[in-house]
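Peer 1: Coordinates in structure.csv, CSV, C-alpha atoms, are listed below.
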chain,number,residue,atom,x,y,z
A,1,MET,CA,18.4,62.4,274.3
A,2,ASN,CA,21.1,62.4,276.9
A,3,VAL,CA,21.6,65.1,279.5
A,4,PHE,CA,24.2,67.0,277.4
A,5,ASP,CA,21.9,67.1,274.4
A,6,GLN,CA,19.1,68.4,276.7
A,7,LEU,CA,21.5,71.1,278.0
A,8,ALA,CA,22.4,72.2,274.4
A,9,ALA,CA,18.8,72.3,273.4
A,10,TRP,CA,17.9,74.3,276.5
A,11,LEU,CA,20.7,76.8,276.0
A,12,GLY,CA,19.5,77.3,272.4
A,13,GLU,CA,15.9,78.1,273.3
A,14,PRO,CA,14.5,81.5,272.3
A,15,GLY,CA,15.1,84.2,274.9
A,16,ARG,CA,17.6,82.1,276.8
A,17,TRP,CA,20.2,84.9,276.6
A,18,SER,CA,17.8,87.8,277.1
A,19,PHE,CA,18.0,90.5,279.8
A,20,THR,CA,14.3,91.1,279.6
A,21,ASP,CA,12.8,87.7,279.2
A,22,PRO,CA,12.3,85.9,282.6
A,23,SER,CA,13.6,82.7,281.1
A,24,GLY,CA,16.8,84.4,280.1
A,25,ILE,CA,20.0,83.5,281.9
A,26,PRO,CA,21.1,87.2,282.1
A,27,TYR,CA,17.7,88.2,283.5
A,28,ARG,CA,17.9,85.5,286.2
A,29,THR,CA,21.5,86.4,287.0
A,30,VAL,CA,20.6,90.0,287.6
A,31,GLU,CA,17.7,88.8,289.8
A,32,HIS,CA,20.0,86.5,291.7
A,33,LEU,CA,22.6,89.2,292.3
A,34,SER,CA,20.0,91.8,293.3
A,35,PHE,CA,18.7,89.5,296.1
A,36,SER,CA,22.2,88.7,297.3
A,37,LEU,CA,23.5,92.3,297.2
A,38,LEU,CA,20.4,93.7,298.9
A,39,SER,CA,20.6,91.2,301.7
A,40,LEU,CA,24.3,91.8,302.2
A,41,VAL,CA,23.9,95.6,302.4
A,42,ILE,CA,21.0,95.3,304.9
A,43,ALA,CA,23.0,92.9,307.0
A,44,ALA,CA,26.1,95.1,306.9
A,45,LEU,CA,24.1,98.1,308.0
A,46,LEU,CA,22.6,96.2,310.9
A,47,THR,CA,25.7,94.5,312.0
A,48,ILE,CA,29.0,96.4,311.3
A,49,PRO,CA,28.2,99.6,313.3
A,50,LEU,CA,27.1,97.5,316.3
A,51,ALA,CA,30.1,95.1,316.1
A,52,LEU,CA,32.5,98.1,315.7
A,53,TRP,CA,31.1,99.8,318.8
A,54,LEU,CA,31.2,96.6,320.9
A,55,ALA,CA,34.7,95.8,319.8
A,56,HIS,CA,35.9,99.3,320.5
A,57,TYR,CA,34.7,99.2,324.1
A,58,ARG,CA,35.6,95.4,324.4
A,59,ARG,CA,32.1,94.4,325.3
A,60,ALA,CA,29.9,91.4,324.6
A,61,ALA,CA,32.8,89.2,323.5
A,62,PHE,CA,30.6,86.1,323.9
A,63,LEU,CA,28.4,87.4,321.1
A,64,ALA,CA,31.3,87.0,318.6
A,65,SER,CA,32.0,83.4,319.5
A,66,SER,CA,28.3,82.7,319.7
A,67,ALA,CA,27.7,84.2,316.3
A,68,VAL,CA,30.2,81.7,314.7
A,69,ASN,CA,28.3,78.8,316.2
A,70,ILE,CA,24.9,80.1,315.3
A,71,GLY,CA,26.0,80.8,311.8
A,72,ARG,CA,27.2,77.3,311.4
A,73,ALA,CA,24.2,75.7,313.0
A,74,ILE,CA,21.4,77.5,311.2
A,75,PRO,CA,20.0,75.4,308.3
A,76,SER,CA,19.5,77.7,305.3
A,77,PHE,CA,16.5,75.9,303.9
A,78,GLY,CA,14.8,75.6,307.3
A,79,LEU,CA,15.1,79.3,307.8
A,80,ILE,CA,13.6,80.1,304.5
A,81,ILE,CA,10.7,77.7,305.1
A,82,LEU,CA,10.1,79.2,308.6
A,83,PHE,CA,9.8,82.7,307.3
A,84,TRP,CA,7.7,81.6,304.3
A,85,PHE,CA,5.3,79.9,306.7
A,86,LEU,CA,5.1,82.9,309.0
A,87,ALA,CA,4.5,85.2,306.0
A,88,SER,CA,1.8,83.0,304.7
A,89,ARG,CA,0.1,83.0,308.1
A,90,TRP,CA,0.3,86.7,308.4
A,91,GLU,CA,-0.8,87.3,304.8
A,92,VAL,CA,2.4,89.0,303.9
A,93,ASP,CA,3.8,88.8,300.3
A,94,THR,CA,5.6,85.5,300.2
A,95,THR,CA,7.4,86.1,296.9
A,96,PHE,CA,9.9,88.6,298.4
A,97,TRP,CA,10.0,89.1,302.2
A,98,PRO,CA,10.6,85.5,303.5
A,99,LEU,CA,13.6,84.9,301.3
A,100,LEU,CA,15.0,88.4,302.0
A,101,ILE,CA,14.7,88.1,305.7
A,102,ALA,CA,16.2,84.6,305.7
A,103,LEU,CA,19.2,85.9,303.7
A,104,VAL,CA,19.8,88.8,306.0
A,105,ALA,CA,19.7,86.5,309.0
A,106,LEU,CA,22.3,84.2,307.3
A,107,ALA,CA,24.6,87.1,306.5
A,108,LEU,CA,24.7,88.5,310.1
A,109,PRO,CA,27.0,86.1,311.9
A,110,PRO,CA,30.1,86.3,309.6
A,111,LEU,CA,29.8,90.0,309.3
A,112,PHE,CA,29.5,90.5,313.0
A,113,THR,CA,32.2,88.0,313.9
A,114,ASN,CA,34.8,89.3,311.5
A,115,THR,CA,34.2,93.0,312.3
A,116,TYR,CA,34.5,92.3,316.0
A,117,ALA,CA,37.6,90.1,315.5
A,118,GLY,CA,39.2,92.6,313.2
A,119,VAL,CA,38.9,95.5,315.6
A,120,THR,CA,39.9,93.6,318.8
A,121,SER,CA,43.0,92.1,317.1
A,122,LEU,CA,44.4,95.6,316.1
A,123,ASP,CA,47.6,96.9,317.6
A,124,GLN,CA,46.6,99.5,320.1
A,125,ALA,CA,49.5,101.9,319.4
A,126,PRO,CA,47.6,103.7,316.6
A,127,VAL,CA,44.5,103.9,318.7
A,128,ASP,CA,46.4,105.3,321.7
A,129,ALA,CA,48.2,107.8,319.5
A,130,ALA,CA,44.9,109.0,318.0
A,131,ARG,CA,43.3,109.3,321.4
A,132,GLY,CA,46.4,111.3,322.6
A,133,THR,CA,46.0,113.8,319.7
A,134,GLY,CA,42.4,114.6,320.6
A,135,TYR,CA,40.4,112.2,318.5
A,136,THR,CA,37.0,111.4,319.9
A,137,GLU,CA,36.0,107.8,320.4
A,138,GLY,CA,33.7,108.0,317.3
A,139,GLN,CA,36.5,109.3,315.2
A,140,ILE,CA,38.8,106.6,316.4
A,141,MET,CA,36.3,104.0,315.4
A,142,LEU,CA,35.6,105.4,312.0
A,143,ARG,CA,39.1,106.8,311.0
A,144,ILE,CA,41.4,104.3,312.7
A,145,GLU,CA,39.8,101.0,313.7
A,146,LEU,CA,37.5,100.5,310.8
A,147,PRO,CA,40.1,101.2,308.0
A,148,LEU,CA,42.7,99.1,309.7
A,149,SER,CA,40.3,96.2,310.2
A,150,LEU,CA,39.0,96.5,306.6
A,151,PRO,CA,40.7,93.3,305.3
A,152,VAL,CA,39.0,91.2,308.0
A,153,VAL,CA,35.7,92.9,307.5
A,154,LEU,CA,35.8,92.3,303.7
A,155,ALA,CA,36.7,88.7,304.3
A,156,GLY,CA,33.6,88.3,306.4
A,157,ALA,CA,31.6,90.0,303.6
A,158,ARG,CA,33.0,87.6,301.1
A,159,VAL,CA,32.0,84.6,303.2
A,160,ALA,CA,28.5,86.0,303.7
A,161,PHE,CA,28.0,87.0,300.1
A,162,LEU,CA,29.0,83.6,298.7
A,163,GLN,CA,26.7,82.0,301.2
A,164,LEU,CA,23.9,84.3,300.0
A,165,VAL,CA,24.6,83.4,296.4
A,166,ALA,CA,24.2,79.7,297.2
A,167,THR,CA,21.1,80.2,299.3
A,168,VAL,CA,19.2,82.3,296.8
A,169,ALA,CA,19.2,79.3,294.5
A,170,ILE,CA,17.6,77.2,297.3
A,171,GLY,CA,15.1,80.0,297.9
A,172,ALA,CA,13.6,79.4,294.4
A,173,ILE,CA,11.6,76.6,296.0
A,174,VAL,CA,9.4,79.1,297.8
A,175,ASN,CA,10.0,82.2,295.7
A,176,ASP,CA,8.5,82.9,292.3
A,177,GLY,CA,11.8,84.5,291.3
A,178,GLY,CA,14.7,82.7,292.8
A,179,GLY,CA,17.3,83.8,290.3
A,180,LEU,CA,19.3,81.0,288.7
A,181,GLY,CA,17.8,78.5,291.2
A,182,ARG,CA,14.6,78.8,289.2
A,183,TYR,CA,16.1,76.6,286.5
A,184,ILE,CA,16.9,73.9,289.0
A,185,VAL,CA,13.4,73.9,290.5
A,186,ASP,CA,11.7,74.0,287.1
A,187,GLY,CA,13.9,71.2,285.8
A,188,PHE,CA,13.1,68.9,288.7
A,189,ALA,CA,9.4,69.6,288.1
A,190,GLN,CA,9.8,68.2,284.5
A,191,GLY,CA,11.2,64.9,285.6
A,192,ALA,CA,13.7,63.2,283.3
A,193,GLY,CA,13.1,65.8,280.6
A,194,GLY,CA,14.4,68.5,282.7
A,195,TYR,CA,17.9,67.1,283.5
A,196,GLY,CA,19.4,69.5,281.0
A,197,GLU,CA,17.9,72.5,282.7
A,198,ILE,CA,18.9,71.3,286.1
A,199,LEU,CA,22.5,70.9,284.9
A,200,GLY,CA,22.4,74.3,283.2
A,201,GLY,CA,21.1,76.0,286.4
A,202,GLY,CA,23.7,74.3,288.5
A,203,ILE,CA,26.5,75.3,286.3
A,204,ALA,CA,25.2,78.9,286.2
A,205,VAL,CA,25.1,79.1,290.0
A,206,ILE,CA,28.7,77.7,290.2
A,207,VAL,CA,30.0,80.1,287.6
A,208,LEU,CA,28.3,83.0,289.4
A,209,ALA,CA,29.8,82.0,292.7
A,210,LEU,CA,33.3,81.9,291.2
A,211,VAL,CA,32.9,85.2,289.5
A,212,CYS,CA,31.7,86.8,292.8
A,213,GLU,CA,34.7,85.2,294.6
A,214,GLY,CA,37.0,86.8,292.0
A,215,ALA,CA,35.2,90.2,292.3
A,216,PHE,CA,35.8,90.2,296.1
A,217,SER,CA,39.4,89.4,295.6
A,218,LEU,CA,39.7,92.4,293.3
A,219,LEU,CA,37.7,94.6,295.7
A,220,THR,CA,40.1,93.7,298.5
A,221,ARG,CA,43.1,94.4,296.3
A,222,PHE,CA,42.0,97.8,295.2
A,223,THR,CA,40.5,99.1,298.4
A,224,VAL,CA,43.1,97.8,300.9
A,225,PRO,CA,46.7,99.0,300.6
A,226,ARG,CA,49.1,96.2,299.9
A,227,GLY,CA,51.2,96.9,303.0
A,228,LEU,CA,48.1,96.7,305.2
A,229,ARG,CA,47.0,93.4,303.6
A,230,ILE,CA,50.4,91.8,304.3
A,231,THR,CA,50.6,93.2,307.9
A,232,ARG,CA,47.1,92.1,308.8
A,233,LYS,CA,47.6,88.7,307.3
A,234,ASN,CA,50.9,88.2,309.3
A,235,GLU,CA,49.8,89.7,312.6
A,236,LEU,CA,46.1,88.5,312.8
A,237,PRO,CA,45.7,86.3,315.9
A,238,SER,CA,44.7,82.7,315.3
A,239,ARG,CA,41.2,83.3,316.7
A,240,ALA,CA,40.6,85.9,314.0
A,241,LYS,CA,42.1,83.8,311.2
A,242,ALA,CA,39.7,81.0,312.2
A,243,THR,CA,36.7,83.3,311.7
A,244,ILE,CA,37.7,84.4,308.2
A,245,SER,CA,38.6,80.9,306.8
Write the structure described by the file as structure tokens, please.
Peer 2:
Amino acid sequence: MNVFDQLAAWLGEPGRWSFTDPSGIPYRTVEHLSFSLLSLVIAALLTIPLALWLAHYRRAAFLASSAVNIGRAIPSFGLIILFWFLASRWEVDTTFWPLLIALVALALPPLFTNTYAGVTSLDQAPVDAARGTGYTEGQIMLRIELPLSLPVVLAGARVAFLQLVATVAIGAIVNDGGGLGRYIVDGFAQGAGGYGEILGGGIAVIVLALVCEGAFSLLTRFTVPRGLRITRKNELPSRAKATIS
């Protein structure tokens, strides 16, 4: 039986398309997305307010550039193993927290960098006008700077989320859940007889990543006015463009 026959047989197994059976692709997809979305939300809550405040007052610029380098240097799998080892030593539940903490850590750099770059690259005329009309600094951040920098912030969220989707699959090695990556890990455990499951899991992760990419494109289209998208794309300095590519 070749790998494609194995894949067809694997896809036709009972419960493969169930939302309630742990072996089902829909079940694993929901699990995969739950981990990714939860990690993104936690990272956004930890990062965006701080980056917005620092960018507003033009402080800690070195953190923005350092965050880019740190984000590129951190090995995803190494981070997961590190937190799994620490959790096992401290007798903490290793089926949830190590992967979640590792995912949050991976999402922090792009969110921080893009938020900071998006605010610092803004034209100061609207900010000065708002300050002249009596806006407080907090109102300027929330009502002027954050909305105007939203395209760049969403671009950072897109980068972070796609990285999380890919990393959840890797996390299946140390996590009993692991989303769609569970198929890949279980397939390797079967040897040659699991090639079909490995292929199916890999295709499922790729399709999920592409769907998420499309979803973020739609989110940007519907949440950011077209004129603002065009303006920000044309006027964004090269340093900010580099962070969102």
Peer 1: Of the candidates A:Gly132, A:Ala169, A:Ile140, A:Ile42, which shows the shortest atom-to-atom distance to A:Ile101, using only C-alpha atoms?
Peer 2: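 Closest residue, counting only C-alpha atoms: A:Ile42.
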Peer 1: Which residue, A:Thr120, A:Thr136, A:Leu142, A:Glu197, has the smallest gap to A:Ala8 when you use all atoms listed in the file?
Peer 2: A:Glu197
Peer 1: So, with all atoms listed in the file as the atoms that count, which of A:Val3, A:Asp21, A:Leu52, A:Arg28 lies closest to A:Tyr183?
Peer 2: A:Arg28
Peer 1: Determine the nearest neighbour of A:Asn114 from the options A:Ala44, A:Ala87, A:Ala129, A:Ile144, counting only C-alpha atoms.
Peer 2: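 Among the listed residues, A:Ala44 lies closest to A:Asn114.
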Peer 1: Tell me which residues come within 12 Å of (11.0, 80.4, 307.4), as JSON, numbers by chain, counting all atoms listed in the file in the file's coordinates.
Peer 2: {"A": [74, 75, 76, 77, 78, 79, 80, 81, 82, 83, 84, 85, 86, 87, 88, 89, 94, 97, 98, 99, 100, 101, 102, 103, 105, 106, 171, 174, 175]}
Peer 1: Might you pull out every residue within 10 Å of A:Gly187, with all atoms listed in the file counted and same-chain residues fewer than 2 positions away left off, and present them as a PyMOL selection string?
Peer 2: chain A and resi 181-185+189-201
Peer 1: Excluding A:Tyr27 and its own-chain neighbours fewer than 5 positions away, which residues fall within 12 Å of it when counting only C-alpha atoms? Please give them as a count of residues only.
Peer 2: 16
Peer 1: Do you have the atom CA of A:Pro14-atom CA of A:Ala204 distance handy?
Peer 2: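 Value for the atom CA of A:Pro14-atom CA of A:Ala204 distance: 17.7 Å.
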Peer 1: Could you pull the residues within 8 Å of A:Ser149, counting only C-alpha atoms, minus those fewer than 2 positions along the same chain, as a PDB file with C-alpha atoms, in the coordinates of the input?
Peer 2:
ATOM      1  CA  THR A 115      34.200  93.000 312.300  1.00  0.00           C
ATOM      2  CA  GLY A 118      39.200  92.600 313.200  1.00  0.00           C
ATOM      3  CA  VAL A 119      38.900  95.500 315.600  1.00  0.00           C
ATOM      4  CA  LEU A 122      44.400  95.600 316.100  1.00  0.00           C
ATOM      5  CA  GLU A 145      39.800 101.000 313.700  1.00  0.00           C
ATOM      6  CA  LEU A 146      37.500 100.500 310.800  1.00  0.00           C
ATOM      7  CA  PRO A 147      40.100 101.200 308.000  1.00  0.00           C
ATOM      8  CA  PRO A 151      40.700  93.300 305.300  1.00  0.00           C
ATOM      9  CA  VAL A 152      39.000  91.200 308.000  1.00  0.00           C
ATOM     10  CA  VAL A 153      35.700  92.900 307.500  1.00  0.00           C
TER      11      VAL A 153
END
Peer 1: Report, in Å with one decimal, the straight-line distance from atom CA of A:Phe96 to atom CA of A:Leu164.
Peer 2: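 Atom CA of A:Leu164 lies 14.7 Å from atom CA of A:Phe96.
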Peer 1: Find, counting all atoms listed in the file, the residue in A:Leu50, A:Ala160, A:Leu108, A:Val168 that gets nearest to A:Val205.
Peer 2: A:Val168
Peer 1: Quick one: residues within 9 Å of stretch 61-65 of chain A, all atoms listed in the file counted, chain neighbours fewer than 5 positions away excluded, as a ChimeraX atom specification?
Peer 2: /A:51,54-55,70,109,112-114,116-117
Peer 1: Nearest to A:Asp123 among A:Tyr57, A:Leu148, A:Tyr135, A:Gly214, with distances taken over all atoms listed in the file: which residue is it?
Peer 2: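 Of the candidates, the smallest distance to A:Asp123 is held by A:Leu148.
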Peer 1: So how many Å separate atom CA of A:Phe161 and atom CA of A:Leu37, to one decimal?
Peer 2: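 If I compute the distance from atom CA of A:Phe161 to atom CA of A:Leu37, I get 7.5 Å.
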Peer 1: Produce stretch 35-162 of chain A of the given structure as output with C-alpha atoms, as a PDB file, in the first residue's frame.
Peer 2:
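Once written, selection_2.pdb looks like this:
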ATOM      1  CA  PHE A  35      -4.523  26.947  21.572  1.00  0.00           C
ATOM      2  CA  SER A  36      -3.473  29.435  18.895  1.00  0.00           C
ATOM      3  CA  LEU A  37      -6.200  31.995  19.600  1.00  0.00           C
ATOM      4  CA  LEU A  38      -5.797  31.817  23.376  1.00  0.00           C
ATOM      5  CA  SER A  39      -2.058  32.369  23.057  1.00  0.00           C
ATOM      6  CA  LEU A  40      -2.549  35.300  20.681  1.00  0.00           C
ATOM      7  CA  VAL A  41      -5.094  36.994  22.967  1.00  0.00           C
ATOM      8  CA  ILE A  42      -2.884  36.631  26.043  1.00  0.00           C
ATOM      9  CA  ALA A  43       0.168  37.925  24.149  1.00  0.00           C
ATOM     10  CA  ALA A  44      -1.823  40.879  22.792  1.00  0.00           C
ATOM     11  CA  LEU A  45      -3.064  41.824  26.267  1.00  0.00           C
ATOM     12  CA  LEU A  46       0.470  41.665  27.632  1.00  0.00           C
ATOM     13  CA  THR A  47       2.153  43.463  24.749  1.00  0.00           C
ATOM     14  CA  ILE A  48      -0.020  45.964  22.889  1.00  0.00           C
ATOM     15  CA  PRO A  49      -0.831  48.303  25.847  1.00  0.00           C
ATOM     16  CA  LEU A  50       2.853  48.436  26.844  1.00  0.00           C
ATOM     17  CA  ALA A  51       4.058  48.991  23.272  1.00  0.00           C
ATOM     18  CA  LEU A  52       1.404  51.667  22.713  1.00  0.00           C
ATOM     19  CA  TRP A  53       2.442  53.536  25.862  1.00  0.00           C
ATOM     20  CA  LEU A  54       6.173  53.325  25.096  1.00  0.00           C
ATOM     21  CA  ALA A  55       5.660  54.403  21.494  1.00  0.00           C
ATOM     22  CA  HIS A  56       3.459  57.328  22.516  1.00  0.00           C
ATOM     23  CA  TYR A  57       6.165  58.702  24.776  1.00  0.00           C
ATOM     24  CA  ARG A  58       8.970  57.592  22.406  1.00  0.00           C
ATOM     25  CA  ARG A  59      10.674  55.484  25.039  1.00  0.00           C
ATOM     26  CA  ALA A  60      12.639  52.213  24.945  1.00  0.00           C
ATOM     27  CA  ALA A  61      13.126  52.262  21.178  1.00  0.00           C
ATOM     28  CA  PHE A  62      15.842  49.638  21.582  1.00  0.00           C
ATOM     29  CA  LEU A  63      13.189  47.163  22.769  1.00  0.00           C
ATOM     30  CA  ALA A  64      11.472  47.287  19.378  1.00  0.00           C
ATOM     31  CA  SER A  65      14.612  46.413  17.441  1.00  0.00           C
ATOM     32  CA  SER A  66      15.649  43.868  20.055  1.00  0.00           C
ATOM     33  CA  ALA A  67      12.243  42.201  19.893  1.00  0.00           C
ATOM     34  CA  VAL A  68      12.714  41.551  16.171  1.00  0.00           C
ATOM     35  CA  ASN A  69      16.068  39.868  16.722  1.00  0.00           C
ATOM     36  CA  ILE A  70      14.829  37.877  19.709  1.00  0.00           C
ATOM     37  CA  GLY A  71      11.787  36.689  17.806  1.00  0.00           C
ATOM     38  CA  ARG A  72      13.941  35.453  14.952  1.00  0.00           C
ATOM     39  CA  ALA A  73      16.505  33.813  17.207  1.00  0.00           C
ATOM     40  CA  ILE A  74      14.225  31.848  19.546  1.00  0.00           C
ATOM     41  CA  PRO A  75      13.888  28.208  18.444  1.00  0.00           C
ATOM     42  CA  SER A  76      10.236  27.240  18.829  1.00  0.00           C
ATOM     43  CA  PHE A  77      10.838  23.609  19.680  1.00  0.00           C
ATOM     44  CA  GLY A  78      13.610  24.469  22.149  1.00  0.00           C
ATOM     45  CA  LEU A  79      11.302  26.847  23.965  1.00  0.00           C
ATOM     46  CA  ILE A  80       8.576  24.226  24.223  1.00  0.00           C
ATOM     47  CA  ILE A  81      11.013  21.630  25.577  1.00  0.00           C
ATOM     48  CA  LEU A  82      12.381  24.139  28.105  1.00  0.00           C
ATOM     49  CA  PHE A  83       8.965  24.939  29.552  1.00  0.00           C
ATOM     50  CA  TRP A  84       7.981  21.268  29.510  1.00  0.00           C
ATOM     51  CA  PHE A  85      11.126  20.395  31.474  1.00  0.00           C
ATOM     52  CA  LEU A  86      10.495  23.165  34.018  1.00  0.00           C
ATOM     53  CA  ALA A  87       6.858  22.137  34.414  1.00  0.00           C
ATOM     54  CA  SER A  88       7.805  18.511  34.970  1.00  0.00           C
ATOM     55  CA  ARG A  89      10.382  19.509  37.586  1.00  0.00           C
ATOM     56  CA  TRP A  90       7.879  21.718  39.400  1.00  0.00           C
ATOM     57  CA  GLU A  91       5.119  19.091  39.114  1.00  0.00           C
ATOM     58  CA  VAL A  92       2.879  21.363  37.027  1.00  0.00           C
ATOM     59  CA  ASP A  93       0.426  19.979  34.477  1.00  0.00           C
ATOM     60  CA  THR A  94       2.589  19.331  31.407  1.00  0.00           C
ATOM     61  CA  THR A  95      -0.339  18.779  29.029  1.00  0.00           C
ATOM     62  CA  PHE A  96      -1.325  22.440  28.858  1.00  0.00           C
ATOM     63  CA  TRP A  97       0.896  25.078  30.463  1.00  0.00           C
ATOM     64  CA  PRO A  98       4.291  24.424  28.815  1.00  0.00           C
ATOM     65  CA  LEU A  99       2.894  24.715  25.305  1.00  0.00           C
ATOM     66  CA  LEU A 100       0.703  27.719  26.173  1.00  0.00           C
ATOM     67  CA  ILE A 101       3.556  29.666  27.799  1.00  0.00           C
ATOM     68  CA  ALA A 102       5.883  28.874  24.898  1.00  0.00           C
ATOM     69  CA  LEU A 103       3.283  30.042  22.378  1.00  0.00           C
ATOM     70  CA  VAL A 104       2.692  33.295  24.261  1.00  0.00           C
ATOM     71  CA  ALA A 105       6.440  33.945  24.364  1.00  0.00           C
ATOM     72  CA  LEU A 106       6.698  33.389  20.607  1.00  0.00           C
ATOM     73  CA  ALA A 107       3.830  35.795  19.871  1.00  0.00           C
ATOM     74  CA  LEU A 108       5.217  38.673  21.942  1.00  0.00           C
ATOM     75  CA  PRO A 109       7.981  39.992  19.616  1.00  0.00           C
ATOM     76  CA  PRO A 110       5.954  40.608  16.422  1.00  0.00           C
ATOM     77  CA  LEU A 111       3.054  42.136  18.351  1.00  0.00           C
ATOM     78  CA  PHE A 112       5.311  44.470  20.302  1.00  0.00           C
ATOM     79  CA  THR A 113       7.425  45.463  17.313  1.00  0.00           C
ATOM     80  CA  ASN A 114       4.536  46.201  14.984  1.00  0.00           C
ATOM     81  CA  THR A 115       2.561  48.142  17.567  1.00  0.00           C
ATOM     82  CA  TYR A 116       5.587  50.260  18.409  1.00  0.00           C
ATOM     83  CA  ALA A 117       6.517  50.824  14.762  1.00  0.00           C
ATOM     84  CA  GLY A 118       2.946  51.570  13.778  1.00  0.00           C
ATOM     85  CA  VAL A 119       2.579  54.329  16.378  1.00  0.00           C
ATOM     86  CA  THR A 120       6.006  55.911  15.930  1.00  0.00           C
ATOM     87  CA  SER A 121       5.556  56.091  12.146  1.00  0.00           C
ATOM     88  CA  LEU A 122       2.308  58.061  12.370  1.00  0.00           C
ATOM     89  CA  ASP A 123       1.993  61.604  11.078  1.00  0.00           C
ATOM     90  CA  GLN A 124       2.013  63.786  14.198  1.00  0.00           C
ATOM     91  CA  ALA A 125      -0.483  66.312  12.804  1.00  0.00           C
ATOM     92  CA  PRO A 126      -3.593  64.408  14.035  1.00  0.00           C
ATOM     93  CA  VAL A 127      -1.932  63.828  17.393  1.00  0.00           C
ATOM     94  CA  ASP A 128      -1.052  67.515  17.817  1.00  0.00           C
ATOM     95  CA  ALA A 129      -4.553  68.516  16.724  1.00  0.00           C
ATOM     96  CA  ALA A 130      -6.134  66.159  19.275  1.00  0.00           C
ATOM     97  CA  ARG A 131      -3.847  67.459  22.006  1.00  0.00           C
ATOM     98  CA  GLY A 132      -4.757  71.024  21.078  1.00  0.00           C
ATOM     99  CA  THR A 133      -8.482  70.288  21.396  1.00  0.00           C
ATOM    100  CA  GLY A 134      -8.061  69.031  24.958  1.00  0.00           C
ATOM    101  CA  TYR A 135      -7.611  65.278  24.527  1.00  0.00           C
ATOM    102  CA  THR A 136      -5.734  63.625  27.373  1.00  0.00           C
ATOM    103  CA  GLU A 137      -2.695  61.506  26.589  1.00  0.00           C
ATOM    104  CA  GLY A 138      -4.711  58.359  27.242  1.00  0.00           C
ATOM    105  CA  GLN A 139      -7.438  59.472  24.856  1.00  0.00           C
ATOM    106  CA  ILE A 140      -4.850  60.262  22.196  1.00  0.00           C
ATOM    107  CA  MET A 141      -3.403  56.766  22.496  1.00  0.00           C
ATOM    108  CA  LEU A 142      -6.747  54.974  22.389  1.00  0.00           C
ATOM    109  CA  ARG A 143      -8.714  57.206  20.011  1.00  0.00           C
ATOM    110  CA  ILE A 144      -6.039  58.485  17.634  1.00  0.00           C
ATOM    111  CA  GLU A 145      -2.829  56.473  17.636  1.00  0.00           C
ATOM    112  CA  LEU A 146      -4.210  52.972  18.063  1.00  0.00           C
ATOM    113  CA  PRO A 147      -6.895  53.256  15.336  1.00  0.00           C
ATOM    114  CA  LEU A 148      -4.481  54.884  12.878  1.00  0.00           C
ATOM    115  CA  SER A 149      -1.823  52.235  13.489  1.00  0.00           C
ATOM    116  CA  LEU A 150      -4.333  49.374  13.318  1.00  0.00           C
ATOM    117  CA  PRO A 151      -3.183  48.079   9.876  1.00  0.00           C
ATOM    118  CA  VAL A 152       0.358  47.610  11.203  1.00  0.00           C
ATOM    119  CA  VAL A 153      -0.858  46.082  14.473  1.00  0.00           C
ATOM    120  CA  LEU A 154      -3.021  43.592  12.566  1.00  0.00           C
ATOM    121  CA  ALA A 155      -0.072  42.730  10.347  1.00  0.00           C
ATOM    122  CA  GLY A 156       1.904  41.855  13.457  1.00  0.00           C
ATOM    123  CA  ALA A 157      -1.003  39.785  14.757  1.00  0.00           C
ATOM    124  CA  ARG A 158      -1.151  37.946  11.424  1.00  0.00           C
ATOM    125  CA  VAL A 159       2.551  37.082  11.580  1.00  0.00           C
ATOM    126  CA  ALA A 160       2.246  35.995  15.208  1.00  0.00           C
ATOM    127  CA  PHE A 161      -0.869  33.895  14.632  1.00  0.00           C
ATOM    128  CA  LEU A 162       0.541  32.016  11.645  1.00  0.00           C
TER     129      LEU A 162
END
